[in-house]
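Trainee: Supplied structure: query-v4.cif, mmCIF, C-alpha atoms.
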data_structure
loop_
_atom_site.label_atom_id
_atom_site.label_comp_id
_atom_site.auth_asym_id
_atom_site.auth_seq_id
_atom_site.Cartn_x
_atom_site.Cartn_y
_atom_site.Cartn_z
CA MET R 1 -83.41 2.95 77.67
CA HIS R 2 -83.25 5.06 80.85
CA GLY R 3 -79.68 3.91 81.47
CA LEU R 4 -78.58 4.41 77.88
CA LEU R 5 -78.52 8.21 77.90
CA PRO R 6 -76.41 8.50 81.09
CA ALA R 7 -74.01 5.87 79.68
CA LEU R 8 -73.70 7.79 76.42
CA ARG R 9 -73.09 11.01 78.33
CA ARG R 10 -70.36 9.39 80.44
CA GLY R 11 -68.78 7.90 77.33
CA PHE R 12 -68.88 11.24 75.53
CA ASN R 13 -67.27 13.06 78.48
CA LYS R 14 -64.60 10.38 78.87
CA TRP R 15 -63.58 9.75 75.27
CA ILE R 16 -64.51 12.95 73.44
CA GLY R 17 -65.51 15.88 75.65
CA TRP R 18 -66.66 19.33 74.64
CA ARG R 19 -63.10 20.65 74.51
CA ARG R 20 -61.96 18.07 71.93
CA LEU R 21 -65.20 18.54 70.00
CA GLY R 22 -64.62 22.31 69.88
CA ILE R 23 -61.04 21.85 68.68
CA ALA R 24 -62.17 19.40 65.99
CA ALA R 25 -64.89 21.82 64.83
CA SER R 26 -62.36 24.68 64.65
CA VAL R 27 -59.92 22.57 62.64
CA CYS R 28 -62.68 21.51 60.22
CA ILE R 29 -63.84 25.10 59.72
CA ILE R 30 -60.28 26.32 59.10
CA ALA R 31 -59.50 23.43 56.72
CA PHE R 32 -62.69 23.99 54.73
CA ALA R 33 -62.09 27.74 54.62
CA VAL R 34 -58.49 27.41 53.48
CA THR R 35 -59.47 24.90 50.78
CA THR R 36 -62.25 27.21 49.57
CA LEU R 37 -59.96 30.24 49.66
CA VAL R 38 -57.21 28.51 47.68
CA ARG R 39 -59.70 27.34 45.07
CA THR R 40 -61.26 30.81 44.86
CA LEU R 41 -57.94 32.60 44.53
CA LYS R 42 -56.75 30.53 41.55
CA GLY R 43 -56.08 32.78 38.61
CA ILE R 44 -56.19 35.98 40.69
CA ASP R 45 -54.23 38.83 39.13
CA THR R 46 -52.37 40.79 41.84
CA GLY R 47 -52.04 43.73 39.47
CA VAL R 48 -55.81 43.97 39.23
CA ILE R 49 -56.04 43.88 43.04
CA LEU R 50 -53.60 46.78 43.30
CA THR R 51 -55.60 48.69 40.72
CA ALA R 52 -58.81 47.95 42.64
CA LEU R 53 -57.19 49.27 45.81
CA THR R 54 -56.50 52.60 44.15
CA GLU R 55 -60.09 52.75 42.86
CA ILE R 56 -61.64 52.67 46.33
CA PRO R 57 -62.64 56.29 47.05
CA ARG R 58 -60.54 57.92 49.76
CA GLY R 59 -63.71 59.40 51.20
CA SER R 60 -65.21 55.94 51.60
CA ILE R 61 -62.07 54.71 53.36
CA GLY R 62 -62.20 57.70 55.70
CA LEU R 63 -65.88 57.14 56.53
CA ALA R 64 -65.23 53.42 57.03
CA ALA R 65 -62.39 54.28 59.44
CA ILE R 66 -64.79 56.53 61.40
CA CYS R 67 -67.33 53.68 61.57
CA VAL R 68 -64.64 51.30 62.85
CA PHE R 69 -63.65 53.88 65.47
CA PHE R 70 -67.24 54.15 66.72
CA ALA R 71 -67.57 50.35 66.62
CA PHE R 72 -64.65 50.05 69.05
CA CYS R 73 -66.12 52.87 71.15
CA THR R 74 -69.32 50.82 71.42
CA LEU R 75 -67.24 47.74 72.19
CA THR R 76 -65.95 49.41 75.35
CA PHE R 77 -69.46 49.17 76.83
CA TYR R 78 -69.31 45.35 76.72
CA ASP R 79 -67.05 45.26 79.77
CA PHE R 80 -68.57 48.36 81.38
CA PHE R 81 -72.04 46.77 81.23
CA ALA R 82 -70.67 43.48 82.60
CA LEU R 83 -68.88 45.23 85.48
CA ARG R 84 -72.05 47.05 86.55
CA THR R 85 -74.05 43.82 86.24
CA ILE R 86 -71.78 41.93 88.68
CA GLY R 87 -71.69 44.90 91.05
CA LYS R 88 -68.09 46.07 90.49
CA LYS R 89 -69.02 49.74 90.33
CA HIS R 90 -65.67 50.96 91.67
CA VAL R 91 -63.95 50.13 88.36
CA PRO R 92 -64.07 53.33 86.24
CA TYR R 93 -65.16 53.45 82.62
CA ARG R 94 -61.64 54.21 81.35
CA ILE R 95 -60.40 50.89 82.78
CA ALA R 96 -63.36 49.01 81.28
CA ALA R 97 -62.66 50.69 77.94
CA LEU R 98 -58.97 49.74 78.14
CA SER R 99 -59.82 46.15 78.97
CA SER R 100 -62.47 45.78 76.25
CA PHE R 101 -60.34 47.27 73.51
CA THR R 102 -57.06 45.50 74.30
CA SER R 103 -58.56 42.10 75.14
CA TYR R 104 -60.66 42.02 71.97
CA SER R 105 -58.02 43.42 69.60
CA ILE R 106 -55.15 41.30 70.90
CA GLY R 107 -57.18 38.19 71.68
CA HIS R 108 -59.00 38.10 68.34
CA ASN R 109 -55.81 38.67 66.35
CA ILE R 110 -53.76 36.10 68.27
CA GLY R 111 -56.54 33.52 68.41
CA ALA R 112 -58.12 31.48 71.24
CA THR R 113 -59.92 34.65 72.34
CA VAL R 114 -61.38 33.06 75.48
CA PHE R 115 -57.92 32.44 76.95
CA THR R 116 -55.91 35.37 75.58
CA GLY R 117 -58.69 37.91 76.15
CA GLY R 118 -59.33 36.53 79.63
CA ALA R 119 -55.64 36.76 80.54
CA ILE R 120 -55.48 40.41 79.45
CA ARG R 121 -58.65 41.23 81.39
CA PHE R 122 -57.27 39.58 84.52
CA ARG R 123 -53.99 41.52 84.19
CA ILE R 124 -55.92 44.80 84.10
CA TYR R 125 -58.72 44.12 86.57
CA SER R 126 -56.53 42.46 89.20
CA ASP R 127 -55.20 45.94 90.03
CA TYR R 128 -58.75 46.81 91.13
CA GLY R 129 -59.25 43.79 93.37
CA LEU R 130 -61.08 41.52 90.90
CA ASN R 131 -60.29 37.81 90.99
CA ALA R 132 -60.39 35.09 88.35
CA ILE R 133 -64.08 34.33 89.01
CA ASP R 134 -65.00 37.99 88.51
CA VAL R 135 -63.09 38.04 85.21
CA ALA R 136 -64.84 34.83 84.12
CA LYS R 137 -68.20 36.49 84.80
CA ILE R 138 -67.17 39.54 82.77
CA CYS R 139 -66.09 37.32 79.86
CA PHE R 140 -69.40 35.44 80.04
CA LEU R 141 -71.56 38.57 80.09
CA SER R 142 -69.52 40.25 77.34
CA GLY R 143 -69.89 37.14 75.20
CA LEU R 144 -73.62 37.14 75.90
CA THR R 145 -73.84 40.74 74.68
CA PHE R 146 -72.03 39.77 71.48
CA TRP R 147 -74.22 36.75 70.76
CA LEU R 148 -77.52 38.45 71.59
CA GLY R 149 -76.67 41.31 69.23
CA ASN R 150 -75.56 38.94 66.48
CA ILE R 151 -78.61 36.68 66.74
CA PHE R 152 -80.99 39.64 66.78
CA VAL R 153 -79.51 41.42 63.76
CA LEU R 154 -78.91 38.20 61.81
CA SER R 155 -82.46 36.97 62.46
CA ILE R 156 -83.99 40.23 61.25
CA GLY R 157 -81.72 40.28 58.20
CA MET R 158 -82.45 36.66 57.26
CA ALA R 159 -86.18 37.19 57.76
CA ILE R 160 -86.13 40.11 55.32
CA HIS R 161 -83.49 38.78 52.89
CA PRO R 162 -83.25 34.99 53.33
CA ASP R 163 -81.54 34.66 49.94
CA ALA R 164 -78.48 36.48 51.30
CA ALA R 165 -77.63 33.52 53.54
CA SER R 166 -78.37 30.84 50.93
CA ALA R 167 -75.06 31.27 49.13
CA MET R 168 -73.25 30.45 52.37
CA ASP R 169 -75.39 27.80 54.09
CA GLN R 170 -76.76 26.30 50.86
CA LEU R 171 -80.27 26.16 52.34
CA PRO R 172 -83.52 27.22 50.60
CA SER R 173 -84.84 30.68 51.34
CA SER R 174 -87.87 29.27 53.14
CA ILE R 175 -85.63 27.34 55.56
CA ASN R 176 -83.49 30.41 56.18
CA ARG R 177 -86.59 32.46 56.96
CA LEU R 178 -87.76 29.79 59.40
CA ILE R 179 -84.34 29.85 61.08
CA ALA R 180 -84.58 33.63 61.34
CA LEU R 181 -88.03 33.49 62.90
CA GLY R 182 -86.74 30.83 65.30
CA GLY R 183 -83.90 33.15 66.30
CA LEU R 184 -86.30 36.01 67.01
CA ALA R 185 -88.59 33.64 68.92
CA SER R 186 -85.67 32.42 71.03
CA ILE R 187 -84.74 35.99 71.99
CA GLY R 188 -88.38 36.73 72.81
CA SER R 189 -88.57 33.58 74.95
CA TYR R 190 -85.35 34.55 76.72
CA LEU R 191 -86.77 37.98 77.58
CA VAL R 192 -89.99 36.42 78.90
CA TRP R 193 -87.94 33.94 80.96
CA LEU R 194 -86.00 36.82 82.52
CA CYS R 195 -89.27 38.38 83.67
CA MET R 196 -90.00 35.42 85.97
CA GLY R 197 -87.98 36.73 88.90
CA GLU R 198 -84.41 37.22 90.02
CA LYS R 199 -84.04 33.64 91.26
CA ARG R 200 -84.70 32.40 87.74
CA ARG R 201 -81.92 34.68 86.49
CA GLU R 202 -79.25 33.15 88.72
CA LEU R 203 -76.72 30.91 86.97
CA GLY R 204 -74.01 28.81 88.59
CA GLN R 205 -73.59 27.69 92.16
CA LYS R 206 -71.52 28.29 95.28
CA GLY R 207 -68.57 30.58 94.47
CA TRP R 208 -69.36 30.88 90.76
CA LYS R 209 -72.74 32.52 90.51
CA VAL R 210 -73.82 35.28 88.14
CA VAL R 211 -77.18 37.02 88.05
CA LEU R 212 -78.29 37.75 84.50
CA PRO R 213 -79.46 41.29 83.69
CA SER R 214 -83.16 42.06 84.03
CA THR R 215 -85.36 42.32 80.94
CA PRO R 216 -84.94 46.13 80.54
CA LEU R 217 -81.16 45.83 80.99
CA THR R 218 -81.07 42.91 78.54
CA LEU R 219 -82.70 45.18 75.96
CA VAL R 220 -79.84 47.63 76.61
CA GLN R 221 -77.41 44.71 76.25
CA ILE R 222 -78.92 43.78 72.88
CA LEU R 223 -78.76 47.42 71.79
CA ILE R 224 -75.01 47.55 72.56
CA GLY R 225 -74.41 44.50 70.37
CA VAL R 226 -76.64 45.83 67.58
CA VAL R 227 -74.91 49.23 67.46
CA ASP R 228 -71.48 47.57 67.43
CA LEU R 229 -72.46 45.29 64.54
CA GLY R 230 -74.17 48.16 62.75
CA PHE R 231 -71.00 50.24 62.66
CA CYS R 232 -68.90 47.25 61.51
CA ALA R 233 -71.32 46.30 58.75
CA THR R 234 -71.54 49.95 57.65
CA ALA R 235 -67.75 50.11 57.37
CA MET R 236 -67.76 47.06 55.11
CA TYR R 237 -70.68 48.44 53.09
CA LEU R 238 -68.84 51.73 52.45
CA LEU R 239 -65.82 49.85 51.09
CA MET R 240 -67.79 47.57 48.75
CA PRO R 241 -67.51 48.08 44.96
CA ALA R 242 -70.28 50.23 43.50
CA ASN R 243 -71.17 47.58 40.91
CA PRO R 244 -73.11 45.39 41.12
CA PRO R 245 -75.26 47.19 43.72
CA ILE R 246 -76.10 45.41 46.97
CA ASP R 247 -78.49 46.51 49.70
CA PHE R 248 -77.21 47.07 53.22
CA MET R 249 -79.28 44.36 54.92
CA SER R 250 -78.12 41.63 52.52
CA LEU R 251 -74.51 42.59 53.08
CA ALA R 252 -75.09 42.69 56.85
CA VAL R 253 -76.36 39.09 56.78
CA VAL R 254 -73.30 37.90 54.86
CA PHE R 255 -70.97 39.95 57.05
CA ILE R 256 -72.38 38.58 60.32
CA LEU R 257 -72.32 34.98 59.10
CA ALA R 258 -68.70 35.40 58.00
CA THR R 259 -67.84 37.00 61.35
CA LEU R 260 -69.44 34.16 63.32
CA LEU R 261 -67.57 31.57 61.27
CA GLY R 262 -64.36 33.43 61.98
CA PHE R 263 -65.07 33.42 65.72
CA ALA R 264 -66.01 29.74 65.69
CA SER R 265 -62.73 28.83 63.95
CA HIS R 266 -60.57 30.59 66.62
CA ALA R 267 -58.16 31.35 63.77
CA PRO R 268 -55.89 34.36 64.44
CA GLY R 269 -57.75 37.39 63.14
CA SER R 270 -60.28 35.00 61.51
CA ILE R 271 -57.77 35.02 58.68
CA GLY R 272 -58.77 32.83 55.78
CA VAL R 273 -62.15 31.93 57.29
CA PHE R 274 -63.78 35.37 57.19
CA ASP R 275 -62.31 36.11 53.76
CA ALA R 276 -63.32 32.78 52.25
CA ALA R 277 -66.86 33.15 53.58
CA MET R 278 -67.22 36.62 52.08
CA LEU R 279 -65.86 35.48 48.71
CA LEU R 280 -68.12 32.45 48.70
CA ALA R 281 -71.26 34.37 49.64
CA LEU R 282 -70.74 37.26 47.19
CA PRO R 283 -69.89 35.62 43.84
CA GLU R 284 -71.51 38.45 41.90
CA PHE R 285 -68.56 40.73 42.67
CA GLY R 286 -65.22 40.53 40.91
CA ARG R 287 -62.78 38.56 43.03
CA GLU R 288 -60.01 41.13 42.71
CA GLN R 289 -62.33 44.01 43.67
CA LEU R 290 -63.75 42.11 46.64
CA LEU R 291 -60.27 41.11 47.81
CA ALA R 292 -59.22 44.76 47.70
CA THR R 293 -62.23 45.62 49.88
CA LEU R 294 -61.36 42.84 52.33
CA LEU R 295 -57.74 43.99 52.53
CA VAL R 296 -58.73 47.56 53.40
CA PHE R 297 -61.30 46.37 55.94
CA ARG R 298 -58.77 44.01 57.53
CA LEU R 299 -56.29 46.89 57.79
CA LEU R 300 -58.86 49.16 59.46
CA TYR R 301 -60.51 46.61 61.74
CA PHE R 302 -57.73 44.15 62.56
CA VAL R 303 -54.22 45.44 61.86
CA ILE R 304 -54.41 49.06 63.12
CA PRO R 305 -56.36 48.26 66.33
CA PHE R 306 -54.01 45.34 67.03
CA GLY R 307 -50.98 47.62 66.72
CA LEU R 308 -52.61 50.23 68.96
CA ALA R 309 -53.60 47.64 71.56
CA ILE R 310 -50.09 46.15 71.68
CA SER R 311 -48.59 49.65 72.00
CA ILE R 312 -51.01 50.63 74.78
CA MET R 313 -50.41 47.44 76.77
CA GLY R 314 -46.65 47.70 76.26
CA ALA R 315 -46.62 51.32 77.43
CA ARG R 316 -48.81 50.43 80.41
CA GLU R 317 -46.53 47.58 81.49
CA LEU R 318 -43.45 49.79 81.05
CA TRP R 319 -45.03 52.51 83.17
CA MET R 320 -46.24 50.18 85.93
CA ASN R 321 -43.14 48.00 86.17
CA VAL R 322 -40.31 50.41 85.36
CA VAL R 323 -41.23 54.11 85.42
CA ALA R 324 -43.66 54.14 88.37
CA PRO R 325 -41.37 52.10 90.71
CA TRP R 326 -38.41 54.32 89.78
CA GLN R 327 -40.45 57.45 90.52
CA GLU R 328 -41.55 55.98 93.86
CA ARG R 329 -37.98 55.15 94.85
CA ARG R 330 -36.90 58.66 93.87
CA ARG R 331 -39.73 60.22 95.87
CA LEU R 332 -38.84 58.17 98.94
CA ALA R 333 -35.19 59.09 98.61
CA GLU R 334 -36.04 62.79 98.39
CA ALA R 335 -38.37 62.50 101.38
CA CYS R 336 -35.64 60.80 103.42
CA ALA R 337 -33.14 63.44 102.38
CA GLN R 338 -35.52 66.22 103.42
CA ALA R 339 -36.19 64.51 106.74
CA ASN R 340 -32.44 64.31 107.50
CA LEU R 341 -31.74 67.88 106.37
CA PRO R 342 -32.45 69.63 109.74
CA GLN R 343 -30.15 67.20 111.54
CA GLN R 344 -27.40 67.81 108.98
CA VAL R 345 -27.85 71.60 109.31
CA ALA R 346 -27.67 71.37 113.10
CA THR R 347 -24.49 69.30 112.90
CA MET R 348 -22.89 71.78 110.48
CA GLU R 349 -23.88 74.71 112.72
CA ARG R 350 -22.40 72.99 115.75
CA GLU R 351 -19.13 72.36 113.91
CA ARG R 352 -19.02 76.01 112.77
CA THR R 353 -19.56 77.24 116.33
CA LEU R 354 -16.74 75.02 117.65
CA ARG R 355 -14.40 76.25 114.93
CA GLN R 356 -15.16 79.88 115.85
CA ALA R 357 -14.62 79.15 119.56
CA GLY R 358 -11.27 77.52 118.74
CA LYS R 359 -10.17 80.63 116.86
CA ARG R 360 -10.88 82.80 119.88
#
Let me see the file written as C-alpha cells.

Mentor:
Amino acid sequence: MHGLLPALRRGFNKWIGWRRLGIAASVCIIAFAVTTLVRTLKGIDTGVILTALTEIPRGSIGLAAICVFFAFCTLTFYDFFALRTIGKKHVPYRIAALSSFTSYSIGHNIGATVFTGGAIRFRIYSDYGLNAIDVAKICFLSGLTFWLGNIFVLSIGMAIHPDAASAMDQLPSSINRLIALGGLASIGSYLVWLCMGEKRRELGQKGWKVVLPSTPLTLVQILIGVVDLGFCATAMYLLMPANPPIDFMSLAVVFILATLLGFASHAPGSIGVFDAAMLLALPEFGREQLLATLLVFRLLYFVIPFGLAISIMGARELWMNVVAPWQERRRLAEACAQANLPQQVATMERERTLRQAGKR
C-alpha cells in the first residue's frame, strides 16, 4: 500500500501529467460551453437582439463604461503590489500599470494567458533589469490576488444567496452554502498560517523563491481583488434588463462563476464559455435581451481594452525600436558636427589669411 501511491504518482506524471490534464479540462469546458450555447441560441431572432440593444439606456452604458475604467485602474495594482512584494521598488507605478493593463487585455483576449501575459510582462520589465524568474513571481502573486478576491467575494455571495449558483452547478442550496463557508474558512486558515512567521511564508527553493505577503498585506491583496471584481460586477449589473429584477449579490455570484469558467477554459476572450454560463444561469431573462447585455459588456470589457492595449504596445515598440534609435543617431551626429566645428572654422580662417597674403 505504501508503494502504491508513489507508483501511481510516477505513472500519472509519465503518462498524463498536469499539463495534459489541464489541456483536456480546457477542451471539455469549451466543448460543453459551445454545445450549450448552440442549443440556447436556437430560435434566436437577431432583430429582437438589435431592438434590445437600442433599449439599453445610454446612461447605463456610460456608467458601465466608467465602472470598467475603474476596474482596469484597480487591475494596475496587481502588478504594482507584486513588484513591491518581491522587492523591485525601482520599477515605477506607470510601468506596473502598463504591464498589468496590456498583459491582461492582450493575454486574456488571445488566450493562454499564462504564456501570452508572461511574455508581455517580460518584454516590459526586462528594460528595468528583471529576469524571467522575477516575472514568474509577479505572475504568481498577481494570480494569487485574483483568486483570493474571487474566492472571498464568491464565498460571501454563495453564503447569502446559494440559489444563485444552483442554476450553474446543479447543486442544492445547502451544498452551495457549505462550499461557501468552506471557502471563507480556507481564507481564514490561510491568514492564520501567514501569521506563523516569515519562514512559513517562503515558497520555492534555490533560485526560485518567493516570500508571500504578511497577513496585513494579504488583506490589502484581497481588497484589491474585491474592488476589481466589484467594479466589473457593477458594470454587468447596470447593463442588465430591468425586468425581471435581480439583486446585485445574486448577479455577482453568477458573474464570478462565469468568469472563472472562462479563465479555466483558456478560450480567447472567454468567448462562448462566459456567455453560455451567463445564459444558463439566468434563464428568467429573455435570451435576446440578455445577449444584448452580453454584447455591450463584451465591447466595453474585452474589445475596447484589447484595441487600446494593442495600440499602446505597438506605439511603444515603434518608439523604442525606430523613433528613439533614430533620435539618438541624430543627436550623436549633431554632437560630432558641433565638436568638429571649431576645427573647420580654424581651417577656413587659415585659408582666408593665406588668400589675403597672396593678394598682397

Trainee: Expand the PyMOL selection byres ((chain R and resi 240) around 10) into the individual residues it matches in the shown file, reporting them as a compact mmCIF listing (two decimals) with C-alpha atoms, keeping the file's coordinate frame.

Mentor:
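Result went into out29.txt, see below:
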# COMPACT_ATOMS: atom_id res chain seq x y z
CA ILE R 56 -61.64 52.67 46.33
CA SER R 60 -65.21 55.94 51.60
CA THR R 234 -71.54 49.95 57.65
CA ALA R 235 -67.75 50.11 57.37
CA MET R 236 -67.76 47.06 55.11
CA TYR R 237 -70.68 48.44 53.09
CA LEU R 238 -68.84 51.73 52.45
CA LEU R 239 -65.82 49.85 51.09
CA PRO R 241 -67.51 48.08 44.96
CA ALA R 242 -70.28 50.23 43.50
CA ASN R 243 -71.17 47.58 40.91
CA PRO R 244 -73.11 45.39 41.12
CA PRO R 245 -75.26 47.19 43.72
CA ILE R 246 -76.10 45.41 46.97
CA LEU R 251 -74.51 42.59 53.08
CA PHE R 285 -68.56 40.73 42.67
CA GLN R 289 -62.33 44.01 43.67
CA LEU R 290 -63.75 42.11 46.64
CA LEU R 291 -60.27 41.11 47.81
CA ALA R 292 -59.22 44.76 47.70
CA THR R 293 -62.23 45.62 49.88
CA LEU R 294 -61.36 42.84 52.33
CA PHE R 297 -61.30 46.37 55.94

Trainee: Identify which of the residues R:Phe115, R:Trp193, R:Val91, R:Asn176 lies closest to Asp127 (chain R), counting only C-alpha atoms when measuring atom-to-atom distances.

Mentor: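 With only C-alpha atoms as the atom set, the closest residue is R:Val91.
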
Trainee: Just give me the gap between CA of Gln338 (chain R) and CA of Leu318 (chain R) in Å, one decimal is fine.

Mentor: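 That distance, rounded to one decimal, is 28.9 Å.
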
Trainee: Please evaluate the PyMOL selection byres ((chain R and resi 106) around 8) against the displayed coordinates and give the resulting residues as a PyMOL selection string.

Mentor: chain R and resi 102-105+107-110+116-117+306+309-310

Trainee: Would you mind reading off the distance between CA of Tyr301 (chain R) and CA of Ala132 (chain R), one decimal, in Å?

Mentor: 29.0 Å

Trainee: CA of Asp163 (chain R) and CA of Gly272 (chain R), how far apart in Å?

Mentor: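 Pair CA of Gly272 (chain R) / CA of Asp163 (chain R) returns 23.6 Å.
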
Trainee: Excluding Glu202 (chain R) and any residue of its chain fewer than 6 positions from it, enumerate the residues within 7 Å of it, using all atoms listed in the file, and give them as a PyMOL selection string.

Mentor: chain R and resi 209-212

Trainee: Applied to the shown file, which residues does the PyMOL selection byres ((chain R and resi 82) around 12) return, written as a ChimeraX atom specification?

Mentor: /R:75-81,83-89,91,93,96-97,99-100,134-146,210-213,217-218,220-221,224

Trainee: Out of R:Val273, R:Leu332, R:Leu63, R:Ile187, which residue has the shortest atom-to-atom distance to Cys232 (chain R) when counting only C-alpha atoms?

Mentor: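 That would be R:Leu63, the residue with the smallest distance to Cys232 (chain R).
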
Trainee: In the coordinate frame of the file, compute which residues have an atom within 10 Å of (-56.7, 41.6, 58.2) when using all atoms listed in the file, and state them as an NGL selection string.

Mentor: :R and (109 or 268-272 or 274-275 or 294-304 or 306)

Trainee: Of the candidates R:Ala185, R:Val192, R:Thr113, R:Pro162, which one gets nearest to Gly262 (chain R) if we count only C-alpha atoms?

Mentor: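 Using only C-alpha atoms, the shortest distance to Gly262 (chain R) belongs to R:Thr113.
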
Trainee: List the neighbours of Ala277 (chain R) out to 8 Å using only C-alpha atoms; skip same-chain residues closer than 6 positions along the sequence, and give me the result as an mmCIF file with C-alpha atoms, in the frame of the given file.

Mentor:
data_model
loop_
_atom_site.group_PDB
_atom_site.id
_atom_site.type_symbol
_atom_site.label_atom_id
_atom_site.label_comp_id
_atom_site.auth_asym_id
_atom_site.auth_seq_id
_atom_site.Cartn_x
_atom_site.Cartn_y
_atom_site.Cartn_z
ATOM 1 C CA ALA R 33 -62.090 27.740 54.620
ATOM 2 C CA MET R 168 -73.250 30.450 52.370
ATOM 3 C CA LEU R 257 -72.320 34.980 59.100
ATOM 4 C CA ALA R 258 -68.700 35.400 58.000
ATOM 5 C CA LEU R 261 -67.570 31.570 61.270
#

Trainee: Here is a test: counting only C-alpha atoms, which residue of R:Ser166, R:Asn321, R:Ser250, R:Thr51 is nearest to Leu154 (chain R)?

Mentor: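 For Leu154 (chain R), the nearest of the candidates is R:Ser250.
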
Trainee: Neighbouring residues of Met196 (chain R) were defined as those with any atom within 10 Å, considering all atoms listed in the file; residues of the same chain fewer than 4 positions away were excluded. Please report them as a ChimeraX atom specification.

Mentor: /R:191-192,200-201,214-215

Trainee: Which is closer to Ala165 (chain R) than all the others in R:Ala119, R:Glu55, R:Met313, R:Ile179, using only C-alpha atoms?

Mentor: R:Ile179

Trainee: Skip Gly230 (chain R) itself and residues of its chain fewer than 2 positions away, then list as a PyMOL selection string all residues within 9 Å of it, counting only C-alpha atoms.

Mentor: chain R and resi 67+71+153+225-228+232-235+252

Trainee: For each of R:Ile124, R:Ile222, R:Phe231, R:Ala167, take the minimum atom-to-atom distance to Leu279 (chain R), counting only C-alpha atoms, then give the residue where this is smallest.

Mentor: R:Ala167
